[in-house]
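S.K.: So I've got this file, model.pdb, and it contains PDB, C-alpha atoms (C1' of nucleotides):
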```
MODEL        1
ATOM      1  CA  MET I  12    -186.075  -3.799 -56.030
ATOM      2  CA  SER I  13    -186.966  -5.284 -59.383
ATOM      3  CA  ASP I  14    -186.446  -8.774 -57.958
ATOM      4  CA  ALA I  15    -189.331  -8.348 -55.599
ATOM      5  CA  ARG I  16    -191.474  -7.093 -58.444
ATOM      6  CA  SER I  17    -190.840  -9.655 -61.111
ATOM      7  CA  GLU I  18    -192.667 -12.459 -59.355
ATOM      8  CA  VAL I  19    -196.034 -10.777 -59.219
ATOM      9  CA  SER I  20    -196.364  -7.793 -61.505
ATOM     10  CA  VAL I  21    -195.399  -9.341 -64.805
ATOM     11  CA  GLU I  22    -198.009 -12.085 -64.558
ATOM     12  CA  GLY I  23    -201.021  -9.895 -65.204
ATOM     13  CA  ALA I  24    -199.306  -8.044 -67.987
ATOM     14  CA  CYS I  25    -198.273 -11.324 -69.593
ATOM     15  CA  ASP I  26    -201.896 -12.433 -69.697
ATOM     16  CA  THR I  27    -202.562  -9.375 -71.796
ATOM     17  CA  LEU I  28    -199.707 -10.137 -74.140
ATOM     18  CA  GLU I  29    -200.935 -13.709 -74.553
ATOM     19  CA  ARG I  30    -204.182 -12.368 -75.875
ATOM     20  CA  LEU I  31    -202.571  -9.704 -78.031
ATOM     21  CA  TYR I  32    -200.000 -11.826 -79.822
ATOM     22  CA  GLU I  33    -200.050 -15.354 -81.152
ATOM     23  CA  ASN I  34    -196.524 -16.123 -79.946
ATOM     24  CA  PRO I  35    -196.271 -14.344 -76.613
ATOM     25  CA  ASP I  36    -192.962 -15.874 -75.550
ATOM     26  CA  GLU I  37    -191.192 -14.476 -78.549
ATOM     27  CA  LYS I  38    -192.818 -11.073 -78.115
ATOM     28  CA  LEU I  39    -191.921 -11.026 -74.455
ATOM     29  CA  ALA I  40    -188.291 -11.704 -75.251
ATOM     30  CA  GLU I  41    -188.354  -8.852 -77.776
ATOM     31  CA  LEU I  42    -189.867  -6.461 -75.250
ATOM     32  CA  LEU I  43    -187.311  -7.315 -72.599
ATOM     33  CA  GLU I  44    -184.586  -6.316 -75.025
ATOM     34  CA  TYR I  45    -186.078  -2.848 -75.126
ATOM     35  CA  ARG I  46    -185.414  -2.426 -71.432
ATOM     36  CA  PRO I  47    -182.114  -0.560 -71.181
ATOM     37  CA  ASP I  48    -179.261  -1.696 -68.955
ATOM     38  CA  ASP I  49    -179.016  -0.019 -65.595
ATOM     39  CA  GLU I  50    -175.720   1.662 -66.536
ATOM     40  CA  ARG I  51    -177.310   3.187 -69.618
ATOM     41  CA  VAL I  52    -179.789   4.980 -67.371
ATOM     42  CA  GLU I  53    -177.541   5.834 -64.462
ATOM     43  CA  ALA I  54    -175.440   8.610 -66.021
ATOM     44  CA  PRO I  55    -178.278  10.718 -67.467
ATOM     45  CA  TYR I  56    -180.222  10.173 -64.253
ATOM     46  CA  GLN I  57    -177.485  11.802 -62.171
ATOM     47  CA  VAL I  58    -177.428  14.766 -64.535
ATOM     48  CA  PHE I  59    -181.194  15.266 -64.646
ATOM     49  CA  ARG I  60    -181.452  14.933 -60.890
ATOM     50  CA  ALA I  61    -179.043  17.833 -60.520
ATOM     51  CA  LEU I  62    -180.987  19.868 -63.077
ATOM     52  CA  ALA I  63    -184.390  19.280 -61.472
ATOM     53  CA  ASN I  64    -184.299  22.365 -59.272
ATOM     54  CA  GLU I  65    -185.139  25.942 -60.144
ATOM     55  CA  ASP I  66    -182.358  27.547 -58.133
ATOM     56  CA  ARG I  67    -179.724  25.305 -59.682
ATOM     57  CA  LEU I  68    -181.008  26.203 -63.141
ATOM     58  CA  ARG I  69    -180.692  29.862 -62.144
ATOM     59  CA  LEU I  70    -177.096  29.271 -61.105
ATOM     60  CA  LEU I  71    -176.294  27.707 -64.468
ATOM     61  CA  GLU I  72    -177.974  30.527 -66.374
ATOM     62  CA  ALA I  73    -175.985  33.036 -64.350
ATOM     63  CA  LEU I  74    -172.743  31.154 -64.966
ATOM     64  CA  SER I  75    -173.465  31.126 -68.683
ATOM     65  CA  HIS I  76    -172.386  34.792 -68.590
ATOM     66  CA  GLY I  77    -168.981  33.759 -67.307
ATOM     67  CA  GLU I  78    -167.109  32.690 -64.218
ATOM     68  CA  LEU I  79    -168.483  33.899 -60.879
ATOM     69  CA  CYS I  80    -167.448  33.446 -57.276
ATOM     70  CA  GLY I  81    -169.550  31.960 -54.504
ATOM     71  CA  CYS I  82    -170.499  35.223 -52.849
ATOM     72  CA  GLU I  83    -171.613  36.695 -56.153
ATOM     73  CA  LEU I  84    -173.859  33.696 -56.667
ATOM     74  CA  MET I  85    -175.364  34.273 -53.214
ATOM     75  CA  VAL I  86    -176.402  37.740 -54.338
ATOM     76  CA  ILE I  87    -177.804  36.461 -57.602
ATOM     77  CA  LEU I  88    -179.833  33.696 -56.001
ATOM     78  CA  ASP I  89    -180.740  35.827 -53.025
ATOM     79  CA  ALA I  90    -180.334  32.820 -50.751
ATOM     80  CA  PRO I  91    -178.297  32.087 -47.617
ATOM     81  CA  GLN I  92    -174.763  30.833 -47.945
ATOM     82  CA  SER I  93    -175.395  27.251 -46.870
ATOM     83  CA  THR I  94    -178.164  26.883 -49.413
ATOM     84  CA  VAL I  95    -176.039  28.174 -52.272
ATOM     85  CA  ALA I  96    -173.070  26.041 -51.242
ATOM     86  CA  THR I  97    -175.216  22.912 -51.266
ATOM     87  CA  HIS I  98    -176.587  23.655 -54.724
ATOM     88  CA  LEU I  99    -173.084  24.233 -56.039
ATOM     89  CA  ARG I 100    -171.897  20.957 -54.562
ATOM     90  CA  LYS I 101    -174.664  19.067 -56.342
ATOM     91  CA  LEU I 102    -173.899  20.761 -59.637
ATOM     92  CA  ARG I 103    -170.265  19.863 -59.188
ATOM     93  CA  GLU I 104    -171.005  16.252 -58.307
ATOM     94  CA  ALA I 105    -173.013  15.961 -61.504
ATOM     95  CA  ALA I 106    -170.049  17.402 -63.430
ATOM     96  CA  LEU I 107    -172.090  20.367 -64.630
ATOM     97  CA  VAL I 108    -169.810  23.048 -63.180
ATOM     98  CA  LYS I 109    -166.122  23.268 -62.323
ATOM     99  CA  ARG I 110    -164.520  25.059 -59.421
ATOM    100  CA  ARG I 111    -161.330  27.086 -59.346
ATOM    101  CA  LYS I 112    -159.967  27.863 -55.899
ATOM    102  CA  LYS I 113    -158.124  31.120 -55.525
ATOM    103  CA  GLY I 114    -157.104  31.995 -52.007
ATOM    104  CA  LYS I 115    -160.162  32.415 -49.883
ATOM    105  CA  TRP I 116    -162.493  32.479 -52.888
ATOM    106  CA  ASN I 117    -163.997  29.816 -55.093
ATOM    107  CA  TYR I 118    -164.785  30.612 -58.691
ATOM    108  CA  TYR I 119    -167.354  28.545 -60.522
ATOM    109  CA  ARG I 120    -167.892  28.052 -64.229
ATOM    110  CA  ILE I 121    -169.914  25.871 -66.589
ATOM    111  CA  ALA I 122    -168.019  22.617 -67.128
ATOM    112  CA  ASP I 123    -168.902  22.078 -70.765
ATOM    113  CA  THR I 124    -170.788  23.742 -73.603
ATOM    114  CA  ALA I 125    -173.071  20.680 -73.611
ATOM    115  CA  VAL I 126    -174.572  21.923 -70.358
ATOM    116  CA  MET I 127    -176.130  25.035 -71.845
ATOM    117  CA  GLU I 128    -177.178  23.068 -74.924
ATOM    118  CA  LEU I 129    -179.055  20.804 -72.553
ATOM    119  CA  LEU I 130    -180.892  23.747 -70.985
ATOM    120  CA  ASP I 131    -181.775  25.244 -74.339
ATOM    121  CA  LEU I 132    -183.037  21.942 -75.707
ATOM    122  CA  ALA I 133    -185.185  21.383 -72.645
ATOM    123  CA  GLY I 134    -186.572  24.879 -72.842
ATOM    124  CA  ALA I 135    -187.484  24.366 -76.480
ATOM    125  CA  ILE I 136    -189.371  21.121 -75.817
ATOM    126  CA  HIS I 137    -191.769  22.564 -73.336
ATOM    127  CA  GLU I 138    -192.616  25.613 -75.443
ATOM    128  CA  GLU I 139    -194.741  23.869 -78.062
TER     129      GLU I 139
ATOM    130  CA  MET O   5    -190.508  32.953 -51.348
ATOM    131  CA  SER O   6    -187.791  35.251 -52.590
ATOM    132  CA  ASP O   7    -189.580  38.165 -50.921
ATOM    133  CA  ALA O   8    -188.980  36.713 -47.506
ATOM    134  CA  ARG O   9    -185.376  36.148 -48.393
ATOM    135  CA  SER O  10    -184.309  39.436 -49.846
ATOM    136  CA  GLU O  11    -184.534  41.341 -46.589
ATOM    137  CA  VAL O  12    -181.934  39.312 -44.749
ATOM    138  CA  SER O  13    -179.766  37.180 -46.985
ATOM    139  CA  VAL O  14    -178.411  39.745 -49.374
ATOM    140  CA  GLU O  15    -177.028  41.962 -46.645
ATOM    141  CA  GLY O  16    -174.150  39.711 -45.670
ATOM    142  CA  ALA O  17    -173.274  38.990 -49.248
ATOM    143  CA  CYS O  18    -173.302  42.695 -50.073
ATOM    144  CA  ASP O  19    -170.744  43.359 -47.373
ATOM    145  CA  THR O  20    -168.459  41.006 -49.209
ATOM    146  CA  LEU O  21    -169.028  42.740 -52.501
ATOM    147  CA  GLU O  22    -168.305  46.103 -50.917
ATOM    148  CA  ARG O  23    -164.882  44.847 -50.006
ATOM    149  CA  LEU O  24    -164.292  43.131 -53.317
ATOM    150  CA  TYR O  25    -165.186  45.964 -55.645
ATOM    151  CA  GLU O  26    -164.662  49.679 -55.475
ATOM    152  CA  ASN O  27    -168.120  50.478 -56.852
ATOM    153  CA  PRO O  28    -170.345  47.843 -55.323
ATOM    154  CA  ASP O  29    -173.642  49.371 -56.391
ATOM    155  CA  GLU O  30    -172.718  49.147 -60.031
ATOM    156  CA  LYS O  31    -171.425  45.598 -59.618
ATOM    157  CA  LEU O  32    -174.570  44.590 -57.779
ATOM    158  CA  ALA O  33    -176.763  45.886 -60.582
ATOM    159  CA  GLU O  34    -174.662  43.915 -63.052
ATOM    160  CA  LEU O  35    -174.977  40.732 -61.031
ATOM    161  CA  LEU O  36    -178.720  41.056 -60.729
ATOM    162  CA  GLU O  37    -178.944  41.133 -64.501
ATOM    163  CA  TYR O  38    -177.381  37.693 -64.570
ATOM    164  CA  ARG O  39    -180.303  36.294 -62.635
ATOM    165  CA  PRO O  40    -182.653  34.829 -65.245
ATOM    166  CA  ASP O  41    -186.363  35.593 -65.331
ATOM    167  CA  ASP O  42    -188.624  33.046 -63.716
ATOM    168  CA  GLU O  43    -190.185  32.115 -67.059
ATOM    169  CA  ARG O  44    -186.764  31.375 -68.526
ATOM    170  CA  VAL O  45    -186.254  28.751 -65.848
ATOM    171  CA  GLU O  46    -189.758  27.339 -65.632
ATOM    172  CA  ALA O  47    -189.898  25.403 -68.923
ATOM    173  CA  PRO O  48    -186.621  23.500 -68.599
ATOM    174  CA  TYR O  49    -187.437  22.855 -64.948
ATOM    175  CA  GLN O  50    -190.635  21.015 -65.859
ATOM    176  CA  VAL O  51    -188.725  18.905 -68.359
ATOM    177  CA  PHE O  52    -185.862  18.018 -66.039
ATOM    178  CA  ARG O  53    -188.238  17.196 -63.239
ATOM    179  CA  ALA O  54    -189.912  14.624 -65.460
ATOM    180  CA  LEU O  55    -186.528  13.203 -66.474
ATOM    181  CA  ALA O  56    -185.202  12.906 -62.920
ATOM    182  CA  ASN O  57    -186.400   9.346 -62.396
ATOM    183  CA  GLU O  58    -184.774   6.100 -63.455
ATOM    184  CA  ASP O  59    -187.988   4.322 -64.446
ATOM    185  CA  ARG O  60    -189.121   7.205 -66.611
ATOM    186  CA  LEU O  61    -185.731   7.215 -68.356
ATOM    187  CA  ARG O  62    -186.211   3.492 -68.967
ATOM    188  CA  LEU O  63    -189.601   4.180 -70.520
ATOM    189  CA  LEU O  64    -188.088   6.736 -72.871
ATOM    190  CA  GLU O  65    -185.252   4.419 -73.852
ATOM    191  CA  ALA O  66    -187.771   1.684 -74.567
ATOM    192  CA  LEU O  67    -189.924   4.028 -76.627
ATOM    193  CA  SER O  68    -186.887   5.060 -78.636
ATOM    194  CA  HIS O  69    -187.310   1.678 -80.374
ATOM    195  CA  GLY O  70    -190.778   2.699 -81.502
ATOM    196  CA  GLU O  71    -194.361   3.034 -80.363
ATOM    197  CA  LEU O  72    -195.483   0.753 -77.539
ATOM    198  CA  CYS O  73    -198.740   0.275 -75.668
ATOM    199  CA  GLY O  74    -199.258   0.633 -71.929
ATOM    200  CA  CYS O  75    -199.326  -3.061 -71.159
ATOM    201  CA  GLU O  76    -196.105  -3.652 -73.053
ATOM    202  CA  LEU O  77    -194.469  -0.927 -71.008
ATOM    203  CA  MET O  78    -195.650  -2.662 -67.838
ATOM    204  CA  VAL O  79    -193.737  -5.751 -68.907
ATOM    205  CA  ILE O  80    -190.647  -3.753 -69.799
ATOM    206  CA  LEU O  81    -190.565  -1.830 -66.534
ATOM    207  CA  ASP O  82    -191.703  -4.845 -64.544
ATOM    208  CA  ALA O  83    -193.892  -2.604 -62.401
ATOM    209  CA  PRO O  84    -197.595  -2.597 -61.481
ATOM    210  CA  GLN O  85    -200.104  -0.854 -63.727
ATOM    211  CA  SER O  86    -200.768   2.144 -61.515
ATOM    212  CA  THR O  87    -197.072   2.881 -61.208
ATOM    213  CA  VAL O  88    -196.506   2.767 -64.953
ATOM    214  CA  ALA O  89    -199.596   4.865 -65.639
ATOM    215  CA  THR O  90    -198.387   7.566 -63.252
ATOM    216  CA  HIS O  91    -194.963   7.690 -64.896
ATOM    217  CA  LEU O  92    -196.542   7.968 -68.320
ATOM    218  CA  ARG O  93    -198.787  10.787 -67.169
ATOM    219  CA  LYS O  94    -195.777  12.752 -65.938
ATOM    220  CA  LEU O  95    -193.911  12.210 -69.181
ATOM    221  CA  ARG O  96    -196.960  13.363 -71.082
ATOM    222  CA  GLU O  97    -197.449  16.444 -68.915
ATOM    223  CA  ALA O  98    -193.859  17.424 -69.648
ATOM    224  CA  ALA O  99    -194.546  16.959 -73.384
ATOM    225  CA  LEU O 100    -191.914  14.257 -73.684
ATOM    226  CA  VAL O 101    -194.227  11.568 -75.029
ATOM    227  CA  LYS O 102    -197.445  11.550 -77.007
ATOM    228  CA  ARG O 103    -200.373   9.187 -76.671
ATOM    229  CA  ARG O 104    -202.499   7.629 -79.381
ATOM    230  CA  LYS O 105    -205.757   6.056 -78.211
ATOM    231  CA  LYS O 106    -206.956   3.065 -80.152
ATOM    232  CA  GLY O 107    -209.993   1.321 -78.713
ATOM    233  CA  LYS O 108    -209.147  -0.056 -75.335
ATOM    234  CA  TRP O 109    -205.424   0.481 -75.814
ATOM    235  CA  ASN O 110    -203.126   3.489 -75.500
ATOM    236  CA  TYR O 111    -200.030   3.675 -77.608
ATOM    237  CA  TYR O 112    -197.162   5.880 -76.496
ATOM    238  CA  ARG O 113    -194.319   7.347 -78.504
ATOM    239  CA  ILE O 114    -191.496   9.865 -78.083
ATOM    240  CA  ALA O 115    -192.890  13.341 -78.782
ATOM    241  CA  ASP O 116    -189.852  14.806 -80.493
ATOM    242  CA  THR O 117    -186.365  13.825 -81.610
ATOM    243  CA  ALA O 118    -185.059  16.446 -79.196
ATOM    244  CA  VAL O 119    -186.021  14.147 -76.325
ATOM    245  CA  MET O 120    -183.520  11.442 -77.188
ATOM    246  CA  GLU O 121    -180.913  14.083 -78.001
ATOM    247  CA  LEU O 122    -181.414  15.323 -74.459
ATOM    248  CA  LEU O 123    -180.791  11.852 -73.011
ATOM    249  CA  ASP O 124    -177.703  11.322 -75.123
ATOM    250  CA  LEU O 125    -176.250  14.706 -74.217
ATOM    251  CA  ALA O 126    -176.835  14.076 -70.531
ATOM    252  CA  GLY O 127    -175.263  10.637 -70.763
ATOM    253  CA  ALA O 128    -172.204  12.110 -72.436
ATOM    254  CA  ILE O 129    -171.678  14.770 -69.782
ATOM    255  CA  HIS O 130    -171.426  12.389 -66.887
ATOM    256  CA  GLU O 131    -168.998  10.048 -68.639
ATOM    257  CA  GLU O 132    -165.884  12.202 -68.441
TER     258      GLU O 132
ATOM    259  C1'  DC Z  18    -150.787  32.447 -32.887
ATOM    260  C1'  DG Z  19    -155.396  34.571 -32.987
ATOM    261  C1'  DC Z  20    -158.788  36.991 -35.919
ATOM    262  C1'  DT Z  21    -161.555  37.489 -40.007
ATOM    263  C1'  DC Z  22    -163.966  36.066 -43.674
ATOM    264  C1'  DA Z  23    -165.406  32.751 -47.668
ATOM    265  C1'  DT Z  24    -166.902  28.054 -47.885
ATOM    266  C1'  DA Z  25    -168.250  23.496 -46.517
ATOM    267  C1'  DT Z  26    -170.754  20.417 -43.767
ATOM    268  C1'  DC Z  27    -174.115  18.877 -40.269
ATOM    269  C1'  DG Z  28    -178.693  18.393 -38.179
ATOM    270  C1'  DC Z  29    -183.300  18.347 -38.595
ATOM    271  C1'  DG Z  30    -187.905  20.078 -39.449
ATOM    272  C1'  DT Z  31    -190.589  20.824 -43.701
ATOM    273  C1'  DT Z  32    -191.966  19.815 -48.152
ATOM    274  C1'  DG Z  33    -192.184  17.053 -52.358
ATOM    275  C1'  DT Z  34    -191.991  12.549 -54.748
ATOM    276  C1'  DT Z  35    -192.673   7.711 -55.263
ATOM    277  C1'  DA Z  36    -194.812   3.163 -54.980
ATOM    278  C1'  DC Z  37    -198.695   0.625 -55.280
ATOM    279  C1'  DG Z  38    -203.295  -1.453 -53.662
ATOM    280  C1'  DA Z  39    -207.962  -0.164 -54.227
ATOM    281  C1'  DT Z  40    -211.310   2.045 -56.847
ATOM    282  C1'  DT Z  41    -213.160   4.230 -60.953
ATOM    283  C1'  DT Z  42    -213.639   5.072 -65.898
ATOM    284  C1'  DA Z  43    -214.201   3.721 -70.599
ATOM    285  C1'  DA Z  44    -214.142   0.885 -74.521
ATOM    286  C1'  DA Z  45    -215.076  -3.579 -76.545
ATOM    287  C1'  DA Z  46    -217.397  -8.139 -76.483
ATOM    288  C1'  DG Z  47    -221.034 -11.253 -75.243
TER     289       DG Z  47
ATOM    290  C1'  DC C   7    -227.302  -4.393 -69.996
ATOM    291  C1'  DT C   8    -223.534  -7.101 -67.955
ATOM    292  C1'  DT C   9    -218.904  -8.667 -68.127
ATOM    293  C1'  DT C  10    -214.062  -8.062 -69.439
ATOM    294  C1'  DT C  11    -210.181  -5.611 -69.666
ATOM    295  C1'  DA C  12    -206.835  -1.482 -70.391
ATOM    296  C1'  DA C  13    -205.985   2.546 -68.343
ATOM    297  C1'  DA C  14    -206.645   6.544 -64.987
ATOM    298  C1'  DT C  15    -207.142   8.219 -60.508
ATOM    299  C1'  DC C  16    -207.185   8.166 -55.464
ATOM    300  C1'  DG C  17    -205.299   7.420 -50.820
ATOM    301  C1'  DT C  18    -201.584   6.860 -48.071
ATOM    302  C1'  DA C  19    -197.378   5.093 -46.228
ATOM    303  C1'  DA C  20    -192.398   5.230 -47.144
ATOM    304  C1'  DC C  21    -188.776   7.797 -48.818
ATOM    305  C1'  DA C  22    -185.992  11.547 -50.775
ATOM    306  C1'  DA C  23    -184.934  16.401 -51.454
ATOM    307  C1'  DC C  24    -184.828  21.001 -49.635
ATOM    308  C1'  DG C  25    -183.974  25.121 -46.697
ATOM    309  C1'  DC C  26    -181.272  26.984 -43.590
ATOM    310  C1'  DG C  27    -179.337  27.931 -38.792
ATOM    311  C1'  DA C  28    -175.458  26.314 -36.379
ATOM    312  C1'  DT C  29    -170.993  24.739 -36.571
ATOM    313  C1'  DA C  30    -166.561  23.446 -38.671
ATOM    314  C1'  DT C  31    -162.733  24.161 -41.982
ATOM    315  C1'  DG C  32    -159.208  26.587 -44.097
ATOM    316  C1'  DA C  33    -156.942  30.423 -46.320
ATOM    317  C1'  DG C  34    -154.993  35.047 -45.553
ATOM    318  C1'  DC C  35    -153.733  38.793 -42.562
ATOM    319  C1'  DG C  36    -151.990  41.332 -38.338
TER     320       DG C  36
ENDMDL
END
```
Output the file's structure in the form of structure tokens.
M.R.:
Amino acid sequence: MSDARSEVSVEGACDTLERLYENPDEKLAELLEYRPDDERVEAPYQVFRALANEDRLRLLEALSHGELCGCELMVILDAPQSTVATHLRKLREAALVKRRKKGKWNYYRIADTAVMELLDLAGAIHEE
Amino acid sequence: MSDARSEVSVEGACDTLERLYENPDEKLAELLEYRPDDERVEAPYQVFRALANEDRLRLLEALSHGELCGCELMVILDAPQSTVATHLRKLREAALVKRRKKGKWNYYRIADTAVMELLDLAGAIHEE
DNA sequence: CGCTCATATCGCGTTGTTACGATTTAAAAG
DNA sequence: CTTTTAAATCGTAACAACGCGATATGAGCG
């Protein structure tokens, strides 16, 4: 994806840099160091993707009160079973919740205290 | 949206609760308290939505090194101007970055230290 | 085994997001 | 006032996420 880009897009932007700085090559090298490695971005991306949905945030808020089973979460979300199951799968894939199987039931819980810290931090940012 | 749901979906789930608990009405009331208010969910949702994109995470990582102008960010992302501008608008709407206008140029910076804390926390969660 | 019930997964129509060229706006500079 | 040039916005085609009914899986029970 970025291979296709790099041939065209950078050119125009580099013209700008040539005018802005006296030694554009050096500056360009500095800027490219600011671009993070793909791996650096991958992990938080998976987490934020899972968090970018109102119903999944509701599930996490509900689970912050303690462990709950799938059918209880259906009631809380007021959504059909397949919908809730899919949300829970995504939360699990992002390592935000853990599942405990007990007989016919599945019990879900928040995987780590960092998860609720994340929600609180995000809530605080958008309040100002 | 949840109005259309509540007529049908909850019924099946309530059957389950009736079997699970001896006083289902009481339990149901308790569960419904676990469902967070819409406002509680709205703010973090807006933030996570803005963070759920690899290029926007790259922009934030780049800006963690300090203030940068739009054309520098074009070079770093290696993406066309309109694409970068759209990403920056979304980050700004979510209050994650701030803009300083100086003549023809716009300089962007991280709005709050909480933003990078958020990225670091999210990165840590998915590592385990 | 066959039945029931909690979950998981599949299929697919709908909705939301992204990328990016083209166009517009706005601030210098000539 | 016209020309540059950085940035914003618009239009739209491609893509990804979502909702949810239908179907499958799998654990307990009779």
S.K.: Would you write out, as CSV, a table of all residues in chain I that have an atom no more than 8 Å from an atom of chain O, listing for each the closest atom pair and the distance in Å to one decimal, considering all atoms listed in the file and ordering rows by chain and rising residue number?
M.R.:
```
residue,atom,partner,partner_atom,distance
I:Ser13,CA,O:Asp82,CA,7.0
I:Arg16,CA,O:Ala83,CA,6.5
I:Ser17,CA,O:Asp82,CA,6.0
I:Ser20,CA,O:Pro84,CA,5.3
I:Val21,CA,O:Val79,CA,5.7
I:Ala24,CA,O:Cys75,CA,5.9
I:Cys25,CA,O:Val79,CA,7.2
I:Thr27,CA,O:Cys75,CA,7.1
I:Leu28,CA,O:Glu76,CA,7.5
I:Leu39,CA,O:Val79,CA,7.9
I:Leu42,CA,O:Ile80,CA,6.1
I:Leu43,CA,O:Ile80,CA,5.6
I:Tyr45,CA,O:Ala66,CA,4.9
I:Arg46,CA,O:Ile80,CA,5.6
I:Pro47,CA,O:Arg62,CA,6.2
I:Arg51,CA,O:Gly127,CA,7.8
I:Val52,CA,O:Leu61,CA,6.4
I:Glu53,CA,O:Glu58,CA,7.3
I:Ala54,CA,O:Gly127,CA,5.2
I:Pro55,CA,O:Gly127,CA,4.5
I:Tyr56,CA,O:Ala56,CA,5.8
I:Gln57,CA,O:His130,CA,7.7
I:Val58,CA,O:Ala126,CA,6.1
I:Phe59,CA,O:Ala56,CA,5.0
I:Arg60,CA,O:Ala56,CA,4.7
I:Leu62,CA,O:Phe52,CA,6.0
I:Ala63,CA,O:Arg53,CA,4.7
I:Asn64,CA,O:Tyr49,CA,6.5
I:Glu65,CA,O:Tyr49,CA,6.2
I:Leu68,CA,O:Val45,CA,6.4
I:Arg69,CA,O:Pro40,CA,6.2
I:Leu70,CA,O:Arg39,CA,7.9
I:Glu72,CA,O:Pro40,CA,6.5
I:Ala73,CA,O:Tyr38,CA,4.9
I:His76,CA,O:Tyr38,CA,7.0
I:Cys82,CA,O:Ala17,CA,5.9
I:Glu83,CA,O:Leu35,CA,7.2
I:Met85,CA,O:Ala17,CA,6.5
I:Val86,CA,O:Val14,CA,5.7
I:Ile87,CA,O:Arg39,CA,5.6
I:Leu88,CA,O:Arg39,CA,7.1
I:Asp89,CA,O:Val14,CA,5.8
I:Ala90,CA,O:Ser13,CA,5.8
I:Pro91,CA,O:Ser13,CA,5.3
I:Ala105,CA,O:His130,CA,6.7
I:Ala106,CA,O:His130,CA,6.2
I:Leu107,CA,O:Ile129,CA,7.6
I:Asp123,CA,O:Ile129,CA,7.9
I:Ala125,CA,O:Leu125,CA,6.8
I:Val126,CA,O:Ile129,CA,7.7
I:Leu129,CA,O:Leu122,CA,6.3
I:Leu130,CA,O:Pro48,CA,6.2
I:Asp131,CA,O:Pro48,CA,7.7
I:Leu132,CA,O:Ala118,CA,6.8
I:Ala133,CA,O:Pro48,CA,4.8
I:Gly134,CA,O:Pro48,CA,4.5
I:Ala135,CA,O:Pro48,CA,8.0
I:Ile136,CA,O:Ala99,CA,7.1
I:His137,CA,O:Ala47,CA,5.6
I:Glu138,CA,O:Ala47,CA,7.1
```
S.K.: Select residues of chain Z: the criterion is any atom within 8 Å of an atom of chain I, counting only C-alpha atoms (C1' of nucleotides); output as a list in words.
M.R.: DA23, DT24 and DA25 of chain Z
S.K.: Go ahead and write the residues just picked, C-alpha atoms (C1' of nucleotides), as a compact mmCIF listing (two decimals), in the coordinates of the input.
M.R.:
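Wrote it out as selection-v6.txt, contents follow:
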```
# COMPACT_ATOMS: atom_id res chain seq x y z
C1' DA Z 23 -165.41 32.75 -47.67
C1' DT Z 24 -166.90 28.05 -47.88
C1' DA Z 25 -168.25 23.50 -46.52
```
S.K.: Need the shell around Z:DT34: protein/DNA/RNA residues with any atom at most 9 Å away, counting all atoms listed in the file. Skip same-chain ones fewer than 4 positions apart. Format as a list in words?
M.R.: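 In the requested format, the answer is DC21, DA22 and DA23 of chain C.
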S.K.: Report the closest atom pair, with its distance in Å rounded to one decimal, for each residue of chain C that has an atom no farther than 10 Å from chain I; count only C-alpha atoms (C1' of nucleotides), sort by chain and then rising residue number, and write it as a Markdown table.
M.R.:
```
| residue | atom | partner | partner_atom | distance |
| --- | --- | --- | --- | --- |
| C:DT11 | C1' | I:Thr27 | CA | 8.8 |
| C:DA12 | C1' | I:Thr27 | CA | 9.1 |
| C:DA23 | C1' | I:Asn64 | CA | 9.9 |
| C:DC24 | C1' | I:Thr94 | CA | 8.9 |
| C:DG25 | C1' | I:Thr94 | CA | 6.7 |
| C:DC26 | C1' | I:Thr94 | CA | 6.6 |
| C:DG27 | C1' | I:Ser93 | CA | 9.0 |
| C:DG32 | C1' | I:Lys115 | CA | 8.3 |
| C:DA33 | C1' | I:Lys115 | CA | 5.2 |
| C:DG34 | C1' | I:Lys115 | CA | 7.2 |
```
S.K.: Write the selection just made, keeping C-alpha atoms (C1' of nucleotides), as a compact mmCIF listing (two decimals), in the coordinates of the input?
M.R.:
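Output saved as result32.txt:
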```txt
# COMPACT_ATOMS: atom_id res chain seq x y z
C1' DT C 11 -210.18 -5.61 -69.67
C1' DA C 12 -206.84 -1.48 -70.39
C1' DA C 23 -184.93 16.40 -51.45
C1' DC C 24 -184.83 21.00 -49.64
C1' DG C 25 -183.97 25.12 -46.70
C1' DC C 26 -181.27 26.98 -43.59
C1' DG C 27 -179.34 27.93 -38.79
C1' DG C 32 -159.21 26.59 -44.10
C1' DA C 33 -156.94 30.42 -46.32
C1' DG C 34 -154.99 35.05 -45.55
```
S.K.: Can you spell out as a PyMOL selection string the set of residues that the PyMOL selection byres ((chain Z and resi 38) around 10) selects in the structure I just provided?
M.R.: (chain O and resi 84+86) or (chain Z and resi 36-37+39-40) or (chain C and resi 17)
S.K.: Could you tell me how far atom C1' of Z:DT26 sits from atom CA of I:Leu102, in Å to one decimal place?
M.R.: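 Computing it gives 16.2 Å between the two atoms.
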